[in-house]
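Heads up: the structure comes next, in structure tokens.
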Amino acid sequence: MSGTLPPRDYVTSMLGINRDIVEYRIGFRDYVKPENYNVLIYDGVTTRYAERDEEEYERIANILSRIYQTYTLDKAILSIFPSYTVLKSVRKYLSPGVKYVMELGNTSIEDLIRDLRNDRRKLIMAVAGGKLVEGVEYRLGTENLLGS
């Protein structure tokens, strides 16, 4: 099982478990090598609800476009948005040369992997908690499809 579970007392109560349980906590860095991820933080933009407007969406799109254009690996870039509304609002401002895959209601992981098989250099635009983020491994066999 992956992810973050509710507190142990809550889980045992809800599932009716009346025996001792063993809990294992594994830190992110214990199973993901540092060379397999790269996190970029830019504090010049925000998706804070009160500050969402067309100018902010355009700024976010410009940052993503610049990252995509300067990125040299033949790998995908995963960008995660707080909602479908923000994702769609940012997408319309991406530079014309940015190849992307956008999570929609009918997007399937199988279609995405098939698309990346043909062209790995894509910006994946996903929604936090969505089907392209939670529990997904971007792999073809042993090859990691995401850049770091």
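A note on labels: chains of the structure tokens are A, B, ... as shown, every chain counts residues from 1, and ligands are counted from 1 in their shown order.
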
Output as a PDB file with N, CA, C and O atoms, in the first residue's frame all residues of segment 12-128 of chain A that backbone DSSP marks as strand (DSSP E).
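As a result, states_20.pdb now contains:
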```
ATOM      1  N   ILE A  77       8.329  15.955 -18.508  1.00  0.00           N
ATOM      2  CA  ILE A  77       8.336  16.837 -17.344  1.00  0.00           C
ATOM      3  C   ILE A  77       6.926  16.776 -16.752  1.00  0.00           C
ATOM      4  O   ILE A  77       5.948  17.002 -17.454  1.00  0.00           O
ATOM      5  N   LEU A  78       6.838  16.482 -15.476  1.00  0.00           N
ATOM      6  CA  LEU A  78       5.541  16.397 -14.806  1.00  0.00           C
ATOM      7  C   LEU A  78       5.255  17.695 -14.064  1.00  0.00           C
ATOM      8  O   LEU A  78       6.042  18.115 -13.217  1.00  0.00           O
ATOM      9  N   SER A  79       4.154  18.345 -14.399  1.00  0.00           N
ATOM     10  CA  SER A  79       3.717  19.544 -13.685  1.00  0.00           C
ATOM     11  C   SER A  79       2.350  19.245 -13.076  1.00  0.00           C
ATOM     12  O   SER A  79       1.480  18.682 -13.732  1.00  0.00           O
ATOM     13  N   ILE A  80       2.180  19.626 -11.821  1.00  0.00           N
ATOM     14  CA  ILE A  80       0.965  19.275 -11.096  1.00  0.00           C
ATOM     15  C   ILE A  80       0.238  20.557 -10.684  1.00  0.00           C
ATOM     16  O   ILE A  80       0.844  21.460 -10.111  1.00  0.00           O
ATOM     17  N   PHE A  81      -1.048  20.598 -10.989  1.00  0.00           N
ATOM     18  CA  PHE A  81      -1.887  21.775 -10.739  1.00  0.00           C
ATOM     19  C   PHE A  81      -2.906  21.481  -9.649  1.00  0.00           C
ATOM     20  O   PHE A  81      -3.318  20.337  -9.479  1.00  0.00           O
ATOM     21  N   TYR A 100       2.606  19.002 -25.070  1.00  0.00           N
ATOM     22  CA  TYR A 100       2.089  18.654 -23.742  1.00  0.00           C
ATOM     23  C   TYR A 100       1.003  17.594 -23.851  1.00  0.00           C
ATOM     24  O   TYR A 100       0.397  17.372 -24.895  1.00  0.00           O
ATOM     25  N   VAL A 101       0.775  16.965 -22.712  1.00  0.00           N
ATOM     26  CA  VAL A 101      -0.345  16.053 -22.512  1.00  0.00           C
ATOM     27  C   VAL A 101      -1.079  16.596 -21.301  1.00  0.00           C
ATOM     28  O   VAL A 101      -0.476  16.826 -20.253  1.00  0.00           O
ATOM     29  N   MET A 102      -2.368  16.822 -21.453  1.00  0.00           N
ATOM     30  CA  MET A 102      -3.158  17.432 -20.397  1.00  0.00           C
ATOM     31  C   MET A 102      -4.147  16.416 -19.832  1.00  0.00           C
ATOM     32  O   MET A 102      -4.846  15.744 -20.585  1.00  0.00           O
ATOM     33  N   LEU A 123       5.478  17.845 -21.827  1.00  0.00           N
ATOM     34  CA  LEU A 123       5.086  18.425 -20.549  1.00  0.00           C
ATOM     35  C   LEU A 123       3.782  17.735 -20.160  1.00  0.00           C
ATOM     36  O   LEU A 123       2.784  17.851 -20.869  1.00  0.00           O
ATOM     37  N   ILE A 124       3.810  16.998 -19.066  1.00  0.00           N
ATOM     38  CA  ILE A 124       2.591  16.348 -18.573  1.00  0.00           C
ATOM     39  C   ILE A 124       1.935  17.316 -17.604  1.00  0.00           C
ATOM     40  O   ILE A 124       2.539  17.726 -16.613  1.00  0.00           O
ATOM     41  N   MET A 125       0.714  17.695 -17.900  1.00  0.00           N
ATOM     42  CA  MET A 125      -0.041  18.624 -17.059  1.00  0.00           C
ATOM     43  C   MET A 125      -1.111  17.826 -16.326  1.00  0.00           C
ATOM     44  O   MET A 125      -2.092  17.398 -16.925  1.00  0.00           O
ATOM     45  N   ALA A 126      -0.879  17.605 -15.020  1.00  0.00           N
ATOM     46  CA  ALA A 126      -1.759  16.752 -14.229  1.00  0.00           C
ATOM     47  C   ALA A 126      -2.364  17.539 -13.077  1.00  0.00           C
ATOM     48  O   ALA A 126      -1.922  18.640 -12.761  1.00  0.00           O
ATOM     49  N   VAL A 127      -3.380  16.943 -12.465  1.00  0.00           N
ATOM     50  CA  VAL A 127      -4.082  17.577 -11.350  1.00  0.00           C
ATOM     51  C   VAL A 127      -3.737  16.833 -10.062  1.00  0.00           C
ATOM     52  O   VAL A 127      -3.750  15.594 -10.035  1.00  0.00           O
TER      53      VAL A 127
END
```

Residue list (alpha helix (DSSP H), DSSP) for segment 43-80 of chain A, as a list in words: Glu54, Glu55, Glu56, Tyr57, Glu58, Arg59, Ile60, Ala61, Asn62, Ile63, Leu64, Ser65, Arg66, Ile67, Tyr68, Gln69 and Thr70 of chain A

Next, dump the selected residues to file, keeping only C-alpha atoms, as a PDB file, in the first residue's frame.
```
ATOM      1  CA  GLU A  54      -5.298  35.672 -16.300  1.00  0.00           C
ATOM      2  CA  GLU A  55      -2.020  37.495 -15.644  1.00  0.00           C
ATOM      3  CA  GLU A  56      -0.996  34.902 -13.059  1.00  0.00           C
ATOM      4  CA  TYR A  57      -1.930  32.009 -15.380  1.00  0.00           C
ATOM      5  CA  GLU A  58       0.182  33.601 -18.114  1.00  0.00           C
ATOM      6  CA  ARG A  59       3.160  33.958 -15.734  1.00  0.00           C
ATOM      7  CA  ILE A  60       2.887  30.288 -14.761  1.00  0.00           C
ATOM      8  CA  ALA A  61       2.685  29.261 -18.427  1.00  0.00           C
ATOM      9  CA  ASN A  62       5.748  31.359 -19.250  1.00  0.00           C
ATOM     10  CA  ILE A  63       7.762  29.653 -16.498  1.00  0.00           C
ATOM     11  CA  LEU A  64       6.666  26.185 -17.661  1.00  0.00           C
ATOM     12  CA  SER A  65       7.425  27.096 -21.285  1.00  0.00           C
ATOM     13  CA  ARG A  66      10.930  28.272 -20.342  1.00  0.00           C
ATOM     14  CA  ILE A  67      11.583  25.095 -18.346  1.00  0.00           C
ATOM     15  CA  TYR A  68      10.410  22.989 -21.280  1.00  0.00           C
ATOM     16  CA  GLN A  69      12.477  24.940 -23.826  1.00  0.00           C
ATOM     17  CA  THR A  70      15.709  24.768 -21.813  1.00  0.00           C
TER      18      THR A  70
END
```

For atom CA of Leu5 of chain A and atom CA of Arg25 of chain A, the interatomic separation in Å (one decimal):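 Computing it gives 10.7 Å between the two atoms.
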